[in-house]
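Source file target31.cif; content: mmCIF, C-alpha atoms, pLDDT in the B column; chains and numbers go by the auth columns.
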```cif
data_structure
#
loop_
_atom_site.group_PDB
_atom_site.id
_atom_site.type_symbol
_atom_site.label_atom_id
_atom_site.label_comp_id
_atom_site.label_asym_id
_atom_site.label_seq_id
_atom_site.Cartn_x
_atom_site.Cartn_y
_atom_site.Cartn_z
_atom_site.B_iso_or_equiv
_atom_site.auth_seq_id
_atom_site.auth_asym_id
ATOM 1 C CA MET A 1 -2.190 -18.572 -10.494 71.00 853 A
ATOM 2 C CA ILE A 2 -3.750 -20.438 -7.585 71.00 854 A
ATOM 3 C CA LYS A 3 -6.693 -21.303 -9.847 76.00 855 A
ATOM 4 C CA ARG A 4 -4.276 -22.890 -12.352 85.00 856 A
ATOM 5 C CA ARG A 5 -2.607 -25.111 -9.775 86.00 857 A
ATOM 6 C CA GLU A 6 -3.724 -28.392 -11.341 88.00 858 A
ATOM 7 C CA GLU A 7 -2.414 -27.319 -14.728 89.00 859 A
ATOM 8 C CA ILE A 8 0.954 -26.486 -13.174 91.00 860 A
ATOM 9 C CA GLU A 9 1.066 -29.794 -11.337 90.00 861 A
ATOM 10 C CA GLY A 10 0.242 -31.563 -14.609 91.00 862 A
ATOM 11 C CA LEU A 11 3.361 -30.043 -16.132 91.00 863 A
ATOM 12 C CA GLY A 12 5.480 -31.379 -13.300 93.00 864 A
ATOM 13 C CA ALA A 13 6.539 -27.795 -12.651 95.00 865 A
ATOM 14 C CA GLU A 14 7.045 -25.859 -9.444 95.00 866 A
ATOM 15 C CA VAL A 15 6.107 -22.364 -8.329 96.00 867 A
ATOM 16 C CA LEU A 16 8.068 -20.353 -5.789 96.00 868 A
ATOM 17 C CA LEU A 17 6.546 -17.144 -4.450 94.00 869 A
ATOM 18 C CA VAL A 18 8.926 -14.619 -2.929 95.00 870 A
ATOM 19 C CA ALA A 19 7.780 -11.766 -0.705 92.00 871 A
ATOM 20 C CA TYR A 20 9.447 -9.112 1.416 89.00 872 A
ATOM 21 C CA ASP A 21 6.515 -8.024 3.581 83.00 873 A
ATOM 22 C CA GLU A 22 5.712 -9.747 6.853 78.00 874 A
ATOM 23 C CA ARG A 23 3.543 -12.862 6.490 73.00 875 A
ATOM 24 C CA THR A 24 0.747 -11.402 8.636 72.00 876 A
ATOM 25 C CA LEU A 25 0.561 -8.338 6.418 68.00 877 A
ATOM 26 C CA LEU A 26 0.568 -10.469 3.274 68.00 878 A
ATOM 27 C CA SER A 27 -2.206 -12.682 4.642 66.00 879 A
ATOM 28 C CA ALA A 28 -4.411 -9.797 5.611 61.00 880 A
ATOM 29 C CA LYS A 29 -3.939 -7.601 2.572 58.00 881 A
ATOM 30 C CA MET A 30 -2.814 -9.591 -0.420 59.00 882 A
ATOM 31 C CA LEU A 31 -3.656 -13.229 0.170 61.00 883 A
ATOM 32 C CA HIS A 32 -6.893 -12.672 2.097 59.00 884 A
ATOM 33 C CA ASN A 33 -5.967 -15.582 4.384 61.00 885 A
ATOM 34 C CA LEU A 34 -5.971 -18.037 1.479 68.00 886 A
ATOM 35 C CA ALA A 35 -4.077 -21.280 1.961 73.00 887 A
ATOM 36 C CA LEU A 36 -1.295 -21.050 -0.581 81.00 888 A
ATOM 37 C CA PRO A 37 -0.628 -24.183 -2.633 87.00 889 A
ATOM 38 C CA PHE A 38 2.918 -22.990 -3.379 91.00 890 A
ATOM 39 C CA PRO A 39 5.872 -22.270 -1.104 92.00 891 A
ATOM 40 C CA LEU A 40 6.032 -18.663 0.066 91.00 892 A
ATOM 41 C CA LEU A 41 9.628 -17.619 0.640 95.00 893 A
ATOM 42 C CA LEU A 42 10.465 -14.583 2.716 93.00 894 A
ATOM 43 C CA ASP A 43 13.200 -12.155 1.713 94.00 895 A
ATOM 44 C CA ARG A 44 12.997 -9.531 4.439 90.00 896 A
ATOM 45 C CA THR A 45 16.414 -8.077 3.515 92.00 897 A
ATOM 46 C CA ARG A 46 15.529 -7.987 -0.190 93.00 898 A
ATOM 47 C CA LYS A 47 18.988 -9.200 -1.128 95.00 899 A
ATOM 48 C CA THR A 48 17.449 -11.805 -3.409 96.00 900 A
ATOM 49 C CA TYR A 49 15.203 -9.156 -4.979 95.00 901 A
ATOM 50 C CA ALA A 50 18.346 -7.162 -5.763 94.00 902 A
ATOM 51 C CA ARG A 51 20.281 -10.203 -7.031 95.00 903 A
ATOM 52 C CA TRP A 52 17.491 -11.006 -9.499 96.00 904 A
ATOM 53 C CA GLY A 53 17.442 -7.384 -10.684 93.00 905 A
ATOM 54 C CA MET A 54 14.173 -6.196 -9.160 91.00 906 A
ATOM 55 C CA ASP A 55 14.007 -2.440 -9.217 86.00 907 A
ATOM 56 C CA ARG A 56 12.305 0.160 -7.090 83.00 908 A
ATOM 57 C CA THR A 57 9.863 2.715 -8.394 78.00 909 A
ATOM 58 C CA GLY A 58 8.946 6.245 -7.419 70.00 910 A
ATOM 59 C CA LEU A 59 5.680 7.862 -6.492 65.00 911 A
ATOM 60 C CA THR A 60 4.398 7.859 -10.072 66.00 912 A
ATOM 61 C CA GLY A 61 5.108 4.189 -10.638 58.00 913 A
ATOM 62 C CA ALA A 62 3.835 3.173 -7.217 58.00 914 A
ATOM 63 C CA MET A 63 0.546 5.012 -7.103 63.00 915 A
ATOM 64 C CA LEU A 64 -0.219 6.844 -10.316 67.00 916 A
ATOM 65 C CA SER A 65 0.186 4.046 -12.835 67.00 917 A
ATOM 66 C CA PRO A 66 -2.981 3.867 -14.992 71.00 918 A
ATOM 67 C CA SER A 67 -2.851 0.061 -15.163 68.00 919 A
ATOM 68 C CA LEU A 68 -2.569 -0.203 -11.378 67.00 920 A
ATOM 69 C CA ASN A 69 -5.400 2.208 -10.755 69.00 921 A
ATOM 70 C CA TRP A 70 -7.583 0.383 -13.275 73.00 922 A
ATOM 71 C CA ARG A 71 -6.908 -2.861 -11.407 69.00 923 A
ATOM 72 C CA TYR A 72 -7.825 -1.242 -8.081 66.00 924 A
ATOM 73 C CA LEU A 73 -11.003 0.184 -9.567 73.00 925 A
ATOM 74 C CA LYS A 74 -12.049 -3.269 -10.760 75.00 926 A
ATOM 75 C CA LEU A 75 -11.373 -4.724 -7.301 69.00 927 A
ATOM 76 C CA LEU A 76 -13.349 -1.957 -5.607 73.00 928 A
ATOM 77 C CA ALA A 77 -16.214 -2.580 -8.043 79.00 929 A
ATOM 78 C CA LYS A 78 -16.186 -6.237 -6.954 75.00 930 A
ATOM 79 C CA GLY A 79 -16.648 -5.141 -3.357 73.00 931 A
ATOM 80 C CA GLU A 80 -13.048 -5.199 -2.155 68.00 932 A
ATOM 81 C CA ARG A 81 -12.074 -2.606 0.422 65.00 933 A
ATOM 82 C CA PHE A 82 -8.973 -0.425 0.354 61.00 934 A
ATOM 83 C CA LEU A 83 -6.911 -1.648 3.287 61.00 935 A
ATOM 84 C CA GLY A 84 -4.388 1.148 3.544 62.00 936 A
ATOM 85 C CA PHE A 85 -0.860 1.585 2.369 59.00 937 A
ATOM 86 C CA ALA A 86 1.905 -0.992 2.728 64.00 938 A
ATOM 87 C CA PRO A 87 5.091 -0.126 4.651 66.00 939 A
ATOM 88 C CA ASP A 88 7.073 0.012 1.399 73.00 940 A
ATOM 89 C CA MET A 89 5.104 0.886 -1.721 74.00 941 A
ATOM 90 C CA PHE A 90 8.165 1.298 -3.921 85.00 942 A
ATOM 91 C CA GLN A 91 9.718 -2.168 -4.181 89.00 943 A
ATOM 92 C CA LEU A 92 8.810 -3.797 -7.475 91.00 944 A
ATOM 93 C CA GLY A 93 8.479 -7.511 -8.215 92.00 945 A
ATOM 94 C CA GLY A 94 8.752 -9.677 -11.281 95.00 946 A
ATOM 95 C CA ASP A 95 8.173 -13.105 -12.782 96.00 947 A
ATOM 96 C CA PHE A 96 10.714 -15.591 -14.106 97.00 948 A
ATOM 97 C CA VAL A 97 10.584 -19.031 -15.653 97.00 949 A
ATOM 98 C CA VAL A 98 13.597 -21.267 -15.116 97.00 950 A
ATOM 99 C CA ASP A 99 13.991 -24.394 -17.228 96.00 951 A
ATOM 100 C CA LYS A 100 15.086 -27.848 -16.106 95.00 952 A
ATOM 101 C CA GLN A 101 18.745 -26.950 -16.557 95.00 953 A
ATOM 102 C CA GLY A 102 18.494 -23.817 -14.408 96.00 954 A
ATOM 103 C CA THR A 103 18.461 -21.333 -17.294 96.00 955 A
ATOM 104 C CA LEU A 104 16.172 -18.301 -17.404 96.00 956 A
ATOM 105 C CA VAL A 105 13.734 -18.763 -20.278 95.00 957 A
ATOM 106 C CA PHE A 106 11.346 -15.933 -19.364 96.00 958 A
ATOM 107 C CA ALA A 107 11.969 -12.739 -17.432 96.00 959 A
ATOM 108 C CA HIS A 108 9.590 -9.911 -16.649 95.00 960 A
ATOM 109 C CA ARG A 109 10.614 -7.235 -14.193 94.00 961 A
ATOM 110 C CA MET A 110 7.858 -4.816 -13.223 91.00 962 A
ATOM 111 C CA ARG A 111 8.319 -1.190 -14.316 86.00 963 A
ATOM 112 C CA ASN A 112 5.531 0.062 -12.060 82.00 964 A
ATOM 113 C CA ASN A 113 3.094 -1.462 -9.599 77.00 965 A
ATOM 114 C CA GLY A 114 0.531 -2.277 -12.286 77.00 966 A
ATOM 115 C CA ASP A 115 2.983 -3.991 -14.611 84.00 967 A
ATOM 116 C CA ARG A 116 2.518 -7.668 -13.839 85.00 968 A
ATOM 117 C CA ALA A 117 2.970 -10.431 -16.464 91.00 969 A
ATOM 118 C CA ASP A 118 -0.343 -12.095 -17.243 91.00 970 A
ATOM 119 C CA THR A 119 -1.014 -15.628 -16.064 91.00 971 A
ATOM 120 C CA GLY A 120 -1.448 -17.040 -19.578 93.00 972 A
ATOM 121 C CA THR A 121 1.986 -15.830 -20.648 94.00 973 A
ATOM 122 C CA LEU A 122 3.576 -17.307 -17.539 95.00 974 A
ATOM 123 C CA LEU A 123 1.895 -20.668 -18.003 94.00 975 A
ATOM 124 C CA ASP A 124 2.889 -20.794 -21.668 94.00 976 A
ATOM 125 C CA GLY A 125 6.496 -20.179 -20.662 94.00 977 A
ATOM 126 C CA LEU A 126 6.282 -22.768 -17.924 94.00 978 A
ATOM 127 C CA ALA A 127 4.816 -25.340 -20.327 94.00 979 A
ATOM 128 C CA ARG A 128 7.647 -24.751 -22.822 93.00 980 A
ATOM 129 C CA ALA A 129 10.237 -25.026 -20.066 95.00 981 A
ATOM 130 C CA ALA A 130 8.662 -28.217 -18.750 92.00 982 A
ATOM 131 C CA ASP A 131 8.671 -29.705 -22.276 89.00 983 A
ATOM 132 C CA GLY A 132 12.313 -28.802 -22.643 73.00 984 A
ATOM 133 C CA ALA A 133 11.461 -26.846 -25.799 57.00 985 A
ATOM 134 C CA MET B 1 24.678 0.644 -13.343 50.00 554 B
ATOM 135 C CA ARG B 2 23.363 -2.808 -12.462 57.00 555 B
ATOM 136 C CA ARG B 3 23.451 -5.364 -15.293 59.00 556 B
ATOM 137 C CA GLU B 4 20.069 -6.952 -15.797 70.00 557 B
ATOM 138 C CA LEU B 5 20.167 -10.718 -16.108 78.00 558 B
ATOM 139 C CA GLY B 6 18.227 -11.926 -19.075 88.00 559 B
ATOM 140 C CA VAL B 7 16.809 -14.899 -20.919 93.00 560 B
ATOM 141 C CA GLY B 8 19.405 -17.523 -21.784 94.00 561 B
ATOM 142 C CA GLU B 9 21.529 -16.867 -18.718 95.00 562 B
ATOM 143 C CA PRO B 10 21.794 -19.091 -15.651 96.00 563 B
ATOM 144 C CA ALA B 11 19.230 -18.184 -12.999 97.00 564 B
ATOM 145 C CA PRO B 12 20.769 -16.336 -10.051 96.00 565 B
ATOM 146 C CA LYS B 13 21.059 -18.060 -6.694 96.00 566 B
ATOM 147 C CA LEU B 14 17.836 -18.276 -4.737 97.00 567 B
ATOM 148 C CA GLU B 15 17.766 -19.784 -1.266 98.00 568 B
ATOM 149 C CA LEU B 16 15.291 -18.405 1.263 97.00 569 B
ATOM 150 C CA PRO B 17 13.280 -19.528 4.281 95.00 570 B
ATOM 151 C CA THR B 18 9.578 -20.230 4.275 92.00 571 B
ATOM 152 C CA GLU B 19 7.443 -18.736 7.030 84.00 572 B
ATOM 153 C CA THR B 20 8.158 -21.821 9.138 87.00 573 B
ATOM 154 C CA GLY B 21 11.902 -21.384 8.709 91.00 574 B
ATOM 155 C CA GLU B 22 12.437 -24.239 6.247 95.00 575 B
ATOM 156 C CA MET B 23 15.086 -23.296 3.694 97.00 576 B
ATOM 157 C CA VAL B 24 14.104 -23.742 0.043 97.00 577 B
ATOM 158 C CA SER B 25 16.513 -23.316 -2.846 97.00 578 B
ATOM 159 C CA LEU B 26 16.052 -23.132 -6.585 97.00 579 B
ATOM 160 C CA GLU B 27 18.970 -25.524 -6.912 96.00 580 B
ATOM 161 C CA SER B 28 17.016 -28.201 -5.047 95.00 581 B
ATOM 162 C CA LEU B 29 14.437 -28.106 -7.864 95.00 582 B
ATOM 163 C CA HIS B 30 16.990 -28.750 -10.631 93.00 583 B
ATOM 164 C CA GLY B 31 15.429 -30.946 -13.312 94.00 584 B
ATOM 165 C CA ARG B 32 12.026 -29.298 -13.012 95.00 585 B
ATOM 166 C CA ALA B 33 10.662 -26.158 -14.643 97.00 586 B
ATOM 167 C CA VAL B 34 10.102 -23.446 -12.044 97.00 587 B
ATOM 168 C CA LEU B 35 8.102 -20.226 -12.020 97.00 588 B
ATOM 169 C CA VAL B 36 9.653 -17.737 -9.612 97.00 589 B
ATOM 170 C CA SER B 37 7.311 -14.889 -8.767 95.00 590 B
ATOM 171 C CA PHE B 38 8.571 -11.929 -6.758 95.00 591 B
ATOM 172 C CA LEU B 39 5.618 -10.150 -5.205 91.00 592 B
ATOM 173 C CA SER B 40 5.394 -6.397 -4.962 85.00 593 B
ATOM 174 C CA HIS B 41 3.896 -4.664 -1.933 72.00 594 B
ATOM 175 C CA ALA B 42 0.967 -6.068 0.014 55.00 595 B
ATOM 176 C CA ALA B 43 -1.809 -3.561 -0.537 54.00 596 B
#
```

Could you render the structure from this file as structure tokens?
Amino acid sequence: MIKRREEIEGLGAEVLLVAYDERTLLSAKMLHNLALPFPLLLDRTRKTYARWGMDRTGLTGAMLSPSLNWRYLKLLAKGERFLGFAPDMFQLGGDFVVDKQGTLVFAHRMRNNGDRADTGTLLDGLARAADGA
Amino acid sequence: MRRELGVGEPAPKLELPTETGEMVSLESLHGRAVLVSFLSHAA
């Protein structure tokens, strides 16, 4: 998504990232100390996660999902290192597109830790929402 | 059982602080299309 920043800006759209882990942990493990071009909002209590319907998974969904393990394998093949487990491996995320009127026009809630919506789908939804279509 | 909000419904309230403590709300972005991405665990 960071690589598509200019495209998003061209649409006149905004991106809000929401996280529940501590910023230092996110920087070290997920963001690799990248400067984020989008606001990162912190929901340490996870009340907003719950309000938006984000679920929790179990051991199978957190660690044994084939799509997640395939993603990790690809990262390891690129030279990434496994940096250990996070404090809470079971909270799931999701992606939503909200149109100019504040209506949800796309919703994807993860069913396991490998179940992320792909960037192309999100940008298509964002483009439609920005057009008002 | 929790009802899952879906497409076509008003987005739920979202107002949270950034790491510097600045409050950001979805409502403040009314009139613009917004992608809201909830991250899963940092690992």

Next on the checklist: Since I can't run it myself right now, could you work out what the PyMOL selection byres ((chain A and resi 894-900) around 8) selects here and report it as number ranges by chain?
Outcome noted: A: 870-874, 892-893, 901-904; B: 566-567, 569-572

Item to check | Answer key for the PyMOL selection byres ((chain A) within 7 of (chain B)), residues as number ranges by chain | outcome: A: 864-871, 873, 877-878, 881-882, 891-895, 900, 903-905, 935-938, 940-941, 943-959, 978, 981-982

Would you place a box with edges along x, y and z of the file around all atoms of region 575-590 of chain B listed there, add 3 Å to each of its six sides, and report the centre and edge lengths in Å to one decimal, as lines of an AutoDock Vina configuration file?
```
center_x = 13.1
center_y = -22.9
center_z = -4.2
size_x = 17.7
size_y = 22.1
size_z = 26.9
```

Next on the checklist: Would you compute the distance between CA of His960 (chain A) and CA of Pro889 (chain A)? Give it in Å to one decimal.
Outcome noted: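 CA of Pro889 (chain A) lies 22.5 Å from CA of His960 (chain A).
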
Kindly output region 887-906 of chain A as a PDB file, keeping the file's coordinate frame, after building N, CA and C atoms.
```pdb
ATOM      1  N   ALA A 887      -5.139 -20.291   1.782  1.00 73.00           N
ATOM      2  CA  ALA A 887      -4.077 -21.280   1.961  1.00 73.00           C
ATOM      3  C   ALA A 887      -3.330 -21.375   0.640  1.00 73.00           C
ATOM      4  N   LEU A 888      -2.067 -21.047   0.660  1.00 81.00           N
ATOM      5  CA  LEU A 888      -1.295 -21.050  -0.581  1.00 81.00           C
ATOM      6  C   LEU A 888      -0.881 -22.468  -0.956  1.00 81.00           C
ATOM      7  N   PRO A 889      -1.065 -22.851  -2.213  1.00 87.00           N
ATOM      8  CA  PRO A 889      -0.628 -24.183  -2.633  1.00 87.00           C
ATOM      9  C   PRO A 889       0.843 -24.219  -3.030  1.00 87.00           C
ATOM     10  N   PHE A 890       1.508 -23.074  -2.980  1.00 91.00           N
ATOM     11  CA  PHE A 890       2.918 -22.990  -3.379  1.00 91.00           C
ATOM     12  C   PHE A 890       3.746 -22.454  -2.212  1.00 91.00           C
ATOM     13  N   PRO A 891       5.027 -22.799  -2.186  1.00 92.00           N
ATOM     14  CA  PRO A 891       5.872 -22.270  -1.104  1.00 92.00           C
ATOM     15  C   PRO A 891       5.983 -20.739  -1.181  1.00 92.00           C
ATOM     16  N   LEU A 892       5.844 -20.112  -0.031  1.00 91.00           N
ATOM     17  CA  LEU A 892       6.032 -18.663   0.066  1.00 91.00           C
ATOM     18  C   LEU A 892       7.344 -18.428   0.794  1.00 91.00           C
ATOM     19  N   LEU A 893       8.301 -17.860   0.076  1.00 95.00           N
ATOM     20  CA  LEU A 893       9.628 -17.619   0.640  1.00 95.00           C
ATOM     21  C   LEU A 893       9.735 -16.153   1.057  1.00 95.00           C
ATOM     22  N   LEU A 894      10.395 -15.935   2.167  1.00 93.00           N
ATOM     23  CA  LEU A 894      10.465 -14.583   2.716  1.00 93.00           C
ATOM     24  C   LEU A 894      11.869 -14.005   2.550  1.00 93.00           C
ATOM     25  N   ASP A 895      11.921 -12.845   1.944  1.00 94.00           N
ATOM     26  CA  ASP A 895      13.200 -12.155   1.713  1.00 94.00           C
ATOM     27  C   ASP A 895      13.117 -10.782   2.380  1.00 94.00           C
ATOM     28  N   ARG A 896      13.182 -10.773   3.696  1.00 90.00           N
ATOM     29  CA  ARG A 896      12.997  -9.531   4.439  1.00 90.00           C
ATOM     30  C   ARG A 896      14.101  -8.519   4.133  1.00 90.00           C
ATOM     31  N   THR A 897      15.307  -9.007   3.803  1.00 92.00           N
ATOM     32  CA  THR A 897      16.414  -8.077   3.515  1.00 92.00           C
ATOM     33  C   THR A 897      16.381  -7.593   2.065  1.00 92.00           C
ATOM     34  N   ARG A 898      15.649  -8.277   1.249  1.00 93.00           N
ATOM     35  CA  ARG A 898      15.529  -7.987  -0.190  1.00 93.00           C
ATOM     36  C   ARG A 898      16.835  -8.166  -0.966  1.00 93.00           C
ATOM     37  N   LYS A 899      17.741  -8.932  -0.394  1.00 95.00           N
ATOM     38  CA  LYS A 899      18.988  -9.200  -1.128  1.00 95.00           C
ATOM     39  C   LYS A 899      18.718 -10.042  -2.366  1.00 95.00           C
ATOM     40  N   THR A 900      17.775 -10.972  -2.243  1.00 96.00           N
ATOM     41  CA  THR A 900      17.449 -11.805  -3.409  1.00 96.00           C
ATOM     42  C   THR A 900      16.715 -10.985  -4.460  1.00 96.00           C
ATOM     43  N   TYR A 901      15.848 -10.074  -4.022  1.00 95.00           N
ATOM     44  CA  TYR A 901      15.203  -9.156  -4.979  1.00 95.00           C
ATOM     45  C   TYR A 901      16.280  -8.423  -5.792  1.00 95.00           C
ATOM     46  N   ALA A 902      17.291  -7.924  -5.084  1.00 94.00           N
ATOM     47  CA  ALA A 902      18.346  -7.162  -5.763  1.00 94.00           C
ATOM     48  C   ALA A 902      19.154  -8.068  -6.690  1.00 94.00           C
ATOM     49  N   ARG A 903      19.466  -9.287  -6.222  1.00 95.00           N
ATOM     50  CA  ARG A 903      20.281 -10.203  -7.031  1.00 95.00           C
ATOM     51  C   ARG A 903      19.578 -10.557  -8.333  1.00 95.00           C
ATOM     52  N   TRP A 904      18.257 -10.654  -8.294  1.00 96.00           N
ATOM     53  CA  TRP A 904      17.491 -11.006  -9.499  1.00 96.00           C
ATOM     54  C   TRP A 904      17.129  -9.764 -10.324  1.00 96.00           C
ATOM     55  N   GLY A 905      17.599  -8.603  -9.876  1.00 93.00           N
ATOM     56  CA  GLY A 905      17.442  -7.384 -10.684  1.00 93.00           C
ATOM     57  C   GLY A 905      16.133  -6.648 -10.501  1.00 93.00           C
ATOM     58  N   MET A 906      15.434  -6.898  -9.395  1.00 91.00           N
ATOM     59  CA  MET A 906      14.173  -6.196  -9.160  1.00 91.00           C
ATOM     60  C   MET A 906      14.455  -4.760  -8.758  1.00 91.00           C
TER      61      MET A 906
END
```
